[in-house]
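Note: the block below is entry_35.csv and it holds CSV, N, CA and C atoms.
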chain,number,residue,atom,x,y,z
C,1,MET,N,14.6,2.7,-3.6
C,1,MET,CA,14.9,1.4,-3.9
C,1,MET,C,14.5,1.1,-5.3
C,2,ILE,N,15.4,0.5,-6.1
C,2,ILE,CA,15.1,0.1,-7.5
C,2,ILE,C,15.2,-1.4,-7.6
C,3,ILE,N,14.2,-2.0,-8.2
C,3,ILE,CA,14.3,-3.5,-8.5
C,3,ILE,C,14.7,-3.6,-9.9
C,4,LYS,N,15.7,-4.5,-10.2
C,4,LYS,CA,16.2,-4.7,-11.5
C,4,LYS,C,15.0,-4.9,-12.5
C,5,GLU,N,15.2,-4.4,-13.7
C,5,GLU,CA,14.1,-4.4,-14.7
C,5,GLU,C,13.6,-5.8,-15.0
C,6,GLU,N,14.5,-6.8,-15.0
C,6,GLU,CA,14.0,-8.1,-15.3
C,6,GLU,C,13.2,-8.7,-14.2
C,7,PHE,N,13.2,-8.2,-13.0
C,7,PHE,CA,12.4,-8.7,-11.9
C,7,PHE,C,11.1,-7.9,-11.6
C,8,GLN,N,11.0,-6.7,-12.2
C,8,GLN,CA,9.9,-5.8,-11.9
C,8,GLN,C,8.6,-6.4,-12.2
C,9,ARG,N,8.4,-7.0,-13.3
C,9,ARG,CA,7.1,-7.6,-13.7
C,9,ARG,C,6.7,-8.7,-12.7
C,10,LYS,N,7.7,-9.6,-12.4
C,10,LYS,CA,7.4,-10.7,-11.5
C,10,LYS,C,7.1,-10.3,-10.1
C,11,ILE,N,7.8,-9.3,-9.6
C,11,ILE,CA,7.7,-8.9,-8.2
C,11,ILE,C,6.6,-7.8,-8.0
C,12,LEU,N,6.6,-6.8,-8.8
C,12,LEU,CA,5.8,-5.6,-8.6
C,12,LEU,C,4.5,-5.6,-9.4
C,13,TYR,N,4.5,-6.1,-10.6
C,13,TYR,CA,3.4,-5.9,-11.5
C,13,TYR,C,2.8,-7.2,-12.1
C,14,HIS,N,2.9,-8.3,-11.3
C,14,HIS,CA,2.5,-9.6,-11.8
C,14,HIS,C,1.1,-9.8,-12.2
C,15,LEU,N,0.2,-9.0,-11.7
C,15,LEU,CA,-1.2,-9.0,-12.0
C,15,LEU,C,-1.7,-7.9,-13.0
C,16,SER,N,-0.8,-7.1,-13.3
C,16,SER,CA,-1.1,-6.0,-14.2
C,16,SER,C,-0.9,-6.4,-15.7
C,17,SER,N,-1.6,-5.7,-16.6
C,17,SER,CA,-1.4,-6.1,-18.0
C,17,SER,C,0.0,-5.7,-18.4
C,18,LYS,N,0.4,-6.4,-19.5
C,18,LYS,CA,1.8,-6.1,-20.0
C,18,LYS,C,2.0,-4.6,-20.3
C,19,GLU,N,0.9,-4.0,-20.9
C,19,GLU,CA,1.0,-2.6,-21.2
C,19,GLU,C,1.2,-1.7,-20.0
C,20,ASP,N,0.4,-2.0,-18.9
C,20,ASP,CA,0.5,-1.2,-17.7
C,20,ASP,C,1.9,-1.5,-17.0
C,21,SER,N,2.3,-2.7,-17.0
C,21,SER,CA,3.6,-3.0,-16.3
C,21,SER,C,4.8,-2.3,-17.1
C,22,THR,N,4.7,-2.3,-18.4
C,22,THR,CA,5.7,-1.6,-19.2
C,22,THR,C,5.7,-0.1,-18.9
C,23,LEU,N,4.5,0.5,-18.9
C,23,LEU,CA,4.4,1.9,-18.5
C,23,LEU,C,4.9,2.2,-17.1
C,24,ALA,N,4.6,1.4,-16.2
C,24,ALA,CA,5.0,1.6,-14.8
C,24,ALA,C,6.6,1.5,-14.7
C,25,ALA,N,7.1,0.5,-15.5
C,25,ALA,CA,8.6,0.3,-15.5
C,25,ALA,C,9.3,1.6,-16.0
C,26,LEU,N,8.7,2.2,-17.0
C,26,LEU,CA,9.2,3.4,-17.6
C,26,LEU,C,9.2,4.6,-16.6
C,27,LEU,N,8.1,4.6,-15.8
C,27,LEU,CA,7.9,5.8,-14.9
C,27,LEU,C,8.5,5.6,-13.5
C,28,VAL,N,9.0,4.4,-13.1
C,28,VAL,CA,9.5,4.2,-11.8
C,28,VAL,C,10.8,5.0,-11.5
C,29,ARG,N,10.8,5.5,-10.4
C,29,ARG,CA,12.0,6.3,-9.9
C,29,ARG,C,12.5,5.7,-8.6
C,30,SER,N,13.8,5.9,-8.3
C,30,SER,CA,14.3,5.4,-7.0
C,30,SER,C,13.7,6.3,-5.9
C,31,GLY,N,13.6,5.8,-4.8
C,31,GLY,CA,13.1,6.5,-3.6
C,31,GLY,C,14.1,6.6,-2.5
C,32,PRO,N,14.0,7.5,-1.6
C,32,PRO,CA,14.9,7.6,-0.4
C,32,PRO,C,14.7,6.6,0.6
C,33,LEU,N,15.1,5.3,0.4
C,33,LEU,CA,14.8,4.2,1.3
C,33,LEU,C,15.4,4.4,2.7
C,34,ARG,N,16.6,5.0,2.7
C,34,ARG,CA,17.2,5.2,4.0
C,34,ARG,C,16.5,6.3,4.9
C,35,ALA,N,15.8,7.1,4.2
C,35,ALA,CA,15.0,8.2,5.0
C,35,ALA,C,14.0,7.5,5.8
C,36,PHE,N,13.5,6.3,5.4
C,36,PHE,CA,12.4,5.7,6.2
C,36,PHE,C,13.0,4.6,7.1
C,37,ALA,N,14.3,4.3,7.1
C,37,ALA,CA,14.9,3.2,7.9
C,37,ALA,C,14.6,3.4,9.4
C,38,GLY,N,14.8,4.5,9.9
C,38,GLY,CA,14.6,4.7,11.3
C,38,GLY,C,13.3,5.4,11.7
C,39,LEU,N,12.4,5.4,10.8
C,39,LEU,CA,11.1,6.1,11.0
C,39,LEU,C,10.3,5.5,12.2
C,40,ARG,N,9.9,6.3,13.1
C,40,ARG,CA,9.1,5.9,14.2
C,40,ARG,C,7.9,6.8,14.4
C,41,PHE,N,6.8,6.2,14.6
C,41,PHE,CA,5.6,7.0,14.9
C,41,PHE,C,5.4,7.2,16.4
C,42,THR,N,5.4,8.4,16.8
C,42,THR,CA,5.3,8.6,18.3
C,42,THR,C,3.8,8.9,18.6
C,43,GLU,N,3.4,8.4,19.7
C,43,GLU,CA,2.0,8.6,20.1
C,43,GLU,C,1.9,9.9,21.0
C,44,GLY,N,1.2,10.9,20.5
C,44,GLY,CA,1.0,12.0,21.3
C,44,GLY,C,-0.4,12.1,21.8
C,45,ALA,N,-0.8,13.2,22.3
C,45,ALA,CA,-2.2,13.3,22.9
C,45,ALA,C,-3.3,13.1,21.8
C,46,ASP,N,-3.0,13.5,20.6
C,46,ASP,CA,-4.0,13.4,19.5
C,46,ASP,C,-3.8,12.2,18.6
C,47,ALA,N,-2.8,11.3,18.9
C,47,ALA,CA,-2.5,10.2,18.0
C,47,ALA,C,-3.8,9.3,17.8
C,48,GLU,N,-4.5,9.1,18.8
C,48,GLU,CA,-5.7,8.2,18.8
C,48,GLU,C,-6.8,8.8,18.0
C,49,ASN,N,-6.8,10.1,17.8
C,49,ASN,CA,-7.8,10.8,17.0
C,49,ASN,C,-7.6,10.8,15.5
C,50,VAL,N,-6.5,10.3,15.1
C,50,VAL,CA,-6.2,10.2,13.7
C,50,VAL,C,-6.7,8.9,13.2
C,51,PRO,N,-7.8,8.9,12.3
C,51,PRO,CA,-8.3,7.6,11.8
C,51,PRO,C,-7.2,7.0,10.8
C,52,LYS,N,-7.0,5.7,11.0
C,52,LYS,CA,-6.1,5.0,10.2
C,52,LYS,C,-6.8,3.8,9.4
C,53,VAL,N,-6.5,3.8,8.1
C,53,VAL,CA,-7.0,2.7,7.3
C,53,VAL,C,-5.8,2.1,6.6
C,54,TYR,N,-5.9,0.8,6.5
C,54,TYR,CA,-4.8,0.0,5.9
C,54,TYR,C,-5.4,-0.9,4.8
C,55,ILE,N,-4.7,-0.9,3.7
C,55,ILE,CA,-5.1,-1.8,2.6
C,55,ILE,C,-4.0,-2.7,2.3
C,56,LYS,N,-4.2,-4.0,2.6
C,56,LYS,CA,-3.2,-5.0,2.4
C,56,LYS,C,-3.2,-5.4,1.0
C,57,THR,N,-2.0,-5.4,0.4
C,57,THR,CA,-1.9,-5.8,-1.1
C,57,THR,C,-0.6,-6.4,-1.3
C,58,MET,N,-0.3,-6.8,-2.5
C,58,MET,CA,1.0,-7.1,-3.1
C,58,MET,C,1.8,-8.3,-2.5
C,59,GLN,N,2.9,-8.5,-3.2
C,59,GLN,CA,3.8,-9.6,-2.8
C,59,GLN,C,5.1,-9.0,-2.2
C,60,VAL,N,5.4,-7.7,-2.3
C,60,VAL,CA,6.6,-7.2,-1.8
C,60,VAL,C,6.7,-7.4,-0.3
C,61,LEU,N,5.6,-7.2,0.4
C,61,LEU,CA,5.6,-7.4,1.8
C,61,LEU,C,4.7,-8.7,2.0
C,62,LYS,N,5.2,-9.6,2.8
C,62,LYS,CA,4.4,-10.8,3.1
C,62,LYS,C,3.2,-10.4,4.0
C,63,ARG,N,2.2,-11.2,3.9
C,63,ARG,CA,1.0,-11.0,4.7
C,63,ARG,C,1.3,-10.9,6.1
C,64,GLU,N,2.2,-11.7,6.6
C,64,GLU,CA,2.6,-11.7,8.0
C,64,GLU,C,3.2,-10.3,8.4
C,65,GLN,N,4.0,-9.8,7.5
C,65,GLN,CA,4.6,-8.5,7.8
C,65,GLN,C,3.6,-7.4,7.8
C,66,GLN,N,2.6,-7.5,6.9
C,66,GLN,CA,1.5,-6.5,6.9
C,66,GLN,C,0.7,-6.6,8.2
C,67,GLU,N,0.4,-7.8,8.6
C,67,GLU,CA,-0.3,-8.1,9.9
C,67,GLU,C,0.4,-7.4,11.0
C,68,GLU,N,1.7,-7.6,11.1
C,68,GLU,CA,2.5,-7.0,12.1
C,68,GLU,C,2.5,-5.5,12.1
C,69,MET,N,2.5,-4.9,10.9
C,69,MET,CA,2.4,-3.5,10.8
C,69,MET,C,1.0,-3.0,11.4
C,70,VAL,N,0.0,-3.7,11.1
C,70,VAL,CA,-1.4,-3.3,11.6
C,70,VAL,C,-1.4,-3.5,13.2
C,71,LYS,N,-0.7,-4.5,13.7
C,71,LYS,CA,-0.7,-4.7,15.1
C,71,LYS,C,0.1,-3.6,15.8
C,72,ARG,N,1.2,-3.2,15.2
C,72,ARG,CA,2.0,-2.1,15.8
C,72,ARG,C,1.3,-0.8,15.8
C,73,TRP,N,0.5,-0.5,14.8
C,73,TRP,CA,-0.1,0.8,14.7
C,73,TRP,C,-1.5,0.5,14.2
C,74,PRO,N,-2.4,0.1,15.1
C,74,PRO,CA,-3.8,-0.4,14.8
C,74,PRO,C,-4.6,0.6,13.9
C,75,ALA,N,-5.2,0.0,12.9
C,75,ALA,CA,-6.1,0.8,12.0
C,75,ALA,C,-7.5,0.6,12.4
C,76,SER,N,-8.3,1.6,12.1
C,76,SER,CA,-9.7,1.5,12.4
C,76,SER,C,-10.4,0.6,11.4
C,77,LEU,N,-9.8,0.5,10.2
C,77,LEU,CA,-10.4,-0.3,9.1
C,77,LEU,C,-9.3,-0.9,8.3
C,78,VAL,N,-9.4,-2.2,8.0
C,78,VAL,CA,-8.4,-2.9,7.3
C,78,VAL,C,-9.1,-3.6,6.1
C,79,PHE,N,-8.5,-3.4,4.9
C,79,PHE,CA,-9.0,-4.1,3.7
C,79,PHE,C,-8.0,-5.0,3.2
C,80,ALA,N,-8.4,-6.1,2.6
C,80,ALA,CA,-7.4,-7.0,1.9
C,80,ALA,C,-7.8,-7.0,0.4
C,81,LEU,N,-6.8,-6.6,-0.4
C,81,LEU,CA,-7.0,-6.4,-1.8
C,81,LEU,C,-6.0,-7.4,-2.5
C,82,GLU,N,-6.6,-8.3,-3.3
C,82,GLU,CA,-5.8,-9.2,-4.1
C,82,GLU,C,-5.3,-8.4,-5.3
C,83,SER,N,-4.1,-7.9,-5.2
C,83,SER,CA,-3.5,-7.1,-6.2
C,83,SER,C,-2.0,-7.3,-6.2
C,84,ASP,N,-1.4,-6.6,-7.1
C,84,ASP,CA,0.1,-6.6,-7.1
C,84,ASP,C,0.5,-5.3,-6.4
C,85,HIS,N,1.7,-4.8,-6.6
C,85,HIS,CA,2.2,-3.6,-6.0
C,85,HIS,C,1.5,-2.4,-6.4
C,86,SER,N,0.9,-2.4,-7.6
C,86,SER,CA,0.2,-1.3,-8.1
C,86,SER,C,-1.2,-1.6,-8.4
C,87,PRO,N,-2.1,-1.5,-7.4
C,87,PRO,CA,-3.5,-1.8,-7.6
C,87,PRO,C,-4.2,-0.9,-8.5
C,88,ILE,N,-3.6,0.3,-8.7
C,88,ILE,CA,-4.2,1.3,-9.6
C,88,ILE,C,-4.2,0.7,-11.1
C,89,PHE,N,-3.2,-0.2,-11.4
C,89,PHE,CA,-3.2,-0.9,-12.6
C,89,PHE,C,-3.9,-2.2,-12.6
C,90,SER,N,-3.6,-3.0,-11.6
C,90,SER,CA,-4.1,-4.4,-11.6
C,90,SER,C,-5.6,-4.6,-11.2
C,91,THR,N,-6.0,-3.8,-10.2
C,91,THR,CA,-7.4,-3.9,-9.7
C,91,THR,C,-8.0,-2.5,-9.4
C,92,PRO,N,-8.0,-1.6,-10.4
C,92,PRO,CA,-8.5,-0.2,-10.1
C,92,PRO,C,-9.9,-0.1,-9.6
C,93,THR,N,-10.8,-1.0,-10.1
C,93,THR,CA,-12.2,-0.9,-9.6
C,93,THR,C,-12.3,-1.2,-8.1
C,94,HIS,N,-11.6,-2.3,-7.7
C,94,HIS,CA,-11.6,-2.7,-6.3
C,94,HIS,C,-10.9,-1.7,-5.4
C,95,LEU,N,-9.8,-1.2,-5.9
C,95,LEU,CA,-9.1,-0.1,-5.1
C,95,LEU,C,-10.0,1.1,-4.9
C,96,PHE,N,-10.6,1.5,-6.0
C,96,PHE,CA,-11.5,2.7,-5.9
C,96,PHE,C,-12.6,2.4,-4.9
C,97,ALA,N,-13.2,1.2,-4.9
C,97,ALA,CA,-14.3,0.9,-3.9
C,97,ALA,C,-13.8,1.0,-2.5
C,98,PHE,N,-12.6,0.4,-2.3
C,98,PHE,CA,-12.0,0.5,-0.9
C,98,PHE,C,-11.7,1.9,-0.5
C,99,LEU,N,-11.2,2.7,-1.4
C,99,LEU,CA,-10.9,4.1,-1.1
C,99,LEU,C,-12.2,4.9,-0.8
C,100,LEU,N,-13.3,4.6,-1.5
C,100,LEU,CA,-14.6,5.2,-1.1
C,100,LEU,C,-15.0,4.8,0.3
C,101,LYS,N,-14.9,3.5,0.6
C,101,LYS,CA,-15.3,3.0,1.9
C,101,LYS,C,-14.4,3.6,3.0
C,102,ALA,N,-13.1,3.7,2.7
C,102,ALA,CA,-12.2,4.3,3.7
C,102,ALA,C,-12.5,5.8,3.9
C,103,THR,N,-12.8,6.5,2.9
C,103,THR,CA,-13.2,7.9,3.0
C,103,THR,C,-14.5,8.1,3.8
C,104,ALA,N,-15.4,7.2,3.5
C,104,ALA,CA,-16.7,7.3,4.2
C,104,ALA,C,-16.5,7.0,5.7
C,105,SER,N,-15.6,6.0,6.0
C,105,SER,CA,-15.4,5.7,7.4
C,105,SER,C,-14.7,6.8,8.2
C,106,VAL,N,-13.7,7.5,7.5
C,106,VAL,CA,-13.0,8.6,8.1
C,106,VAL,C,-13.9,9.8,8.3
C,107,ASN,N,-14.8,10.1,7.3
C,107,ASN,CA,-15.7,11.2,7.4
C,107,ASN,C,-16.7,10.9,8.5
C,108,ALA,N,-17.1,9.7,8.7
C,108,ALA,CA,-18.1,9.3,9.8
C,108,ALA,C,-17.4,9.5,11.1
C,109,ALA,N,-16.1,9.2,11.2
C,109,ALA,CA,-15.4,9.3,12.5
C,109,ALA,C,-15.1,10.8,12.9
C,110,THR,N,-15.2,11.7,12.0
C,110,THR,CA,-14.8,13.1,12.3
C,110,THR,C,-16.0,13.9,12.5
Could the structure of this file be written out as structure tokens, please?
Amino acid sequence: MIIKEEFQRKILYHLSSKEDSTLAALLVRSGPLRAFAGLRFTEGADAENVPKVYIKTMQVLKREQQEEMVKRWPASLVFALESDHSPIFSTPTHLFAFLLKATASVNAAT
């Protein structure tokens, strides 16, 4: 999916610096959206053994949609990050802290 260039900053990179959003716009590539359209996660014998961590971010998906995703496939740990679509640009320090916590929780669970 590609978002028109004039809307990218407003929708995807609204909290990122102008320089970072410009770089991101130059690097963005379309993805196989239809490949994910019918994607279903099946629960097998080992499904519950896979630790799941969810980081809520951005404006592209509404908070309610993200909550519904967590309800459908519960995570052992959920973080809320006030960022745009690319937290690596807009809130890298907070993202890194959450990734460290997520890694620690997964390592503790295994």
- Selected residue, from C:Ser86, C:Ser105, C:Ser76, C:Thr42, that lies nearest to Thr57 of chain C when counting only N, CA and C atoms: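 Among the listed residues, the smallest separation from Thr57 of chain C belongs to C:Ser86.
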- Measure the distance from atom C of Ser16 of chain C to atom N of Thr93 of chain C in Å and round it to one decimal. 12.6 Å
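A straight line drawn from atom CA of Lys52 of chain C to atom CA of Ala75 of chain C is 4.6 Å long.
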Would you kindly return, as a short mmCIF file (atom, residue, chain, number, x, y, z; two decimals) with N, CA and C atoms, in the frame of the given file, each protein, DNA or RNA residue with an atom no farther than 8 Å from any atom of Ala109 of chain C, considering only N, CA and C atoms and excluding same-chain residues fewer than 6 positions away?
data_model
loop_
_atom_site.label_atom_id
_atom_site.label_comp_id
_atom_site.auth_asym_id
_atom_site.auth_seq_id
_atom_site.Cartn_x
_atom_site.Cartn_y
_atom_site.Cartn_z
N ASN C 49 -6.80 10.10 17.80
CA ASN C 49 -7.80 10.80 17.00
C ASN C 49 -7.60 10.80 15.50
N PRO C 51 -7.80 8.90 12.30
CA PRO C 51 -8.30 7.60 11.80
C PRO C 51 -7.20 7.00 10.80
N THR C 103 -12.80 6.50 2.90
CA THR C 103 -13.20 7.90 3.00
C THR C 103 -14.50 8.10 3.80
#
- Can you check which residues of segment 23-57 of chain C DSSP gives as strand (DSSP E or B) on the backbone and send them as a list of chain:residue names?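 Output for segment 23-57 of chain C, strand (DSSP E or B) only: C:Val53, C:Tyr54, C:Ile55, C:Lys56.
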Residues of the last selection are to be written out with N, CA and C atoms, as a PDB file, keeping the file's coordinate frame.
ATOM      1  N   VAL C  53      -6.500   3.800   8.100  1.00  0.00           N
ATOM      2  CA  VAL C  53      -7.000   2.700   7.300  1.00  0.00           C
ATOM      3  C   VAL C  53      -5.800   2.100   6.600  1.00  0.00           C
ATOM      4  N   TYR C  54      -5.900   0.800   6.500  1.00  0.00           N
ATOM      5  CA  TYR C  54      -4.800   0.000   5.900  1.00  0.00           C
ATOM      6  C   TYR C  54      -5.400  -0.900   4.800  1.00  0.00           C
ATOM      7  N   ILE C  55      -4.700  -0.900   3.700  1.00  0.00           N
ATOM      8  CA  ILE C  55      -5.100  -1.800   2.600  1.00  0.00           C
ATOM      9  C   ILE C  55      -4.000  -2.700   2.300  1.00  0.00           C
ATOM     10  N   LYS C  56      -4.200  -4.000   2.600  1.00  0.00           N
ATOM     11  CA  LYS C  56      -3.200  -5.000   2.400  1.00  0.00           C
ATOM     12  C   LYS C  56      -3.200  -5.400   1.000  1.00  0.00           C
TER      13      LYS C  56
END
Can you pull out the residues contacting segment 67-69 of chain C? Cut-off 12 Å, using only C-alpha atoms, and skip same-chain residues under 2 positions away; I want them as a CSV table (one decimal) with N, CA and C atoms, in the frame of the given file.
chain,number,residue,atom,x,y,z
C,41,PHE,N,6.8,6.2,14.6
C,41,PHE,CA,5.6,7.0,14.9
C,41,PHE,C,5.4,7.2,16.4
C,53,VAL,N,-6.5,3.8,8.1
C,53,VAL,CA,-7.0,2.7,7.3
C,53,VAL,C,-5.8,2.1,6.6
C,54,TYR,N,-5.9,0.8,6.5
C,54,TYR,CA,-4.8,0.0,5.9
C,54,TYR,C,-5.4,-0.9,4.8
C,55,ILE,N,-4.7,-0.9,3.7
C,55,ILE,CA,-5.1,-1.8,2.6
C,55,ILE,C,-4.0,-2.7,2.3
C,56,LYS,N,-4.2,-4.0,2.6
C,56,LYS,CA,-3.2,-5.0,2.4
C,56,LYS,C,-3.2,-5.4,1.0
C,57,THR,N,-2.0,-5.4,0.4
C,57,THR,CA,-1.9,-5.8,-1.1
C,57,THR,C,-0.6,-6.4,-1.3
C,61,LEU,N,5.6,-7.2,0.4
C,61,LEU,CA,5.6,-7.4,1.8
C,61,LEU,C,4.7,-8.7,2.0
C,62,LYS,N,5.2,-9.6,2.8
C,62,LYS,CA,4.4,-10.8,3.1
C,62,LYS,C,3.2,-10.4,4.0
C,63,ARG,N,2.2,-11.2,3.9
C,63,ARG,CA,1.0,-11.0,4.7
C,63,ARG,C,1.3,-10.9,6.1
C,64,GLU,N,2.2,-11.7,6.6
C,64,GLU,CA,2.6,-11.7,8.0
C,64,GLU,C,3.2,-10.3,8.4
C,65,GLN,N,4.0,-9.8,7.5
C,65,GLN,CA,4.6,-8.5,7.8
C,65,GLN,C,3.6,-7.4,7.8
C,71,LYS,N,-0.7,-4.5,13.7
C,71,LYS,CA,-0.7,-4.7,15.1
C,71,LYS,C,0.1,-3.6,15.8
C,72,ARG,N,1.2,-3.2,15.2
C,72,ARG,CA,2.0,-2.1,15.8
C,72,ARG,C,1.3,-0.8,15.8
C,73,TRP,N,0.5,-0.5,14.8
C,73,TRP,CA,-0.1,0.8,14.7
C,73,TRP,C,-1.5,0.5,14.2
C,74,PRO,N,-2.4,0.1,15.1
C,74,PRO,CA,-3.8,-0.4,14.8
C,74,PRO,C,-4.6,0.6,13.9
C,75,ALA,N,-5.2,0.0,12.9
C,75,ALA,CA,-6.1,0.8,12.0
C,75,ALA,C,-7.5,0.6,12.4
C,78,VAL,N,-9.4,-2.2,8.0
C,78,VAL,CA,-8.4,-2.9,7.3
C,78,VAL,C,-9.1,-3.6,6.1
C,79,PHE,N,-8.5,-3.4,4.9
C,79,PHE,CA,-9.0,-4.1,3.7
C,79,PHE,C,-8.0,-5.0,3.2
C,80,ALA,N,-8.4,-6.1,2.6
C,80,ALA,CA,-7.4,-7.0,1.9
C,80,ALA,C,-7.8,-7.0,0.4
- Task: Find the residue from C:Val60, C:Phe36, C:Ser83, C:Ser90 that sits nearest to Asp20 of chain C; use only N, CA and C atoms when measuring.
- Result: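 Selected residue with least distance to Asp20 of chain C: C:Ser90.
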- Message: Restricting the calculation to only C-alpha atoms: of C:Leu77, C:Leu100, C:His94, C:Glu6, which residue gets closest to Ser21 of chain C?
- Response: C:Glu6
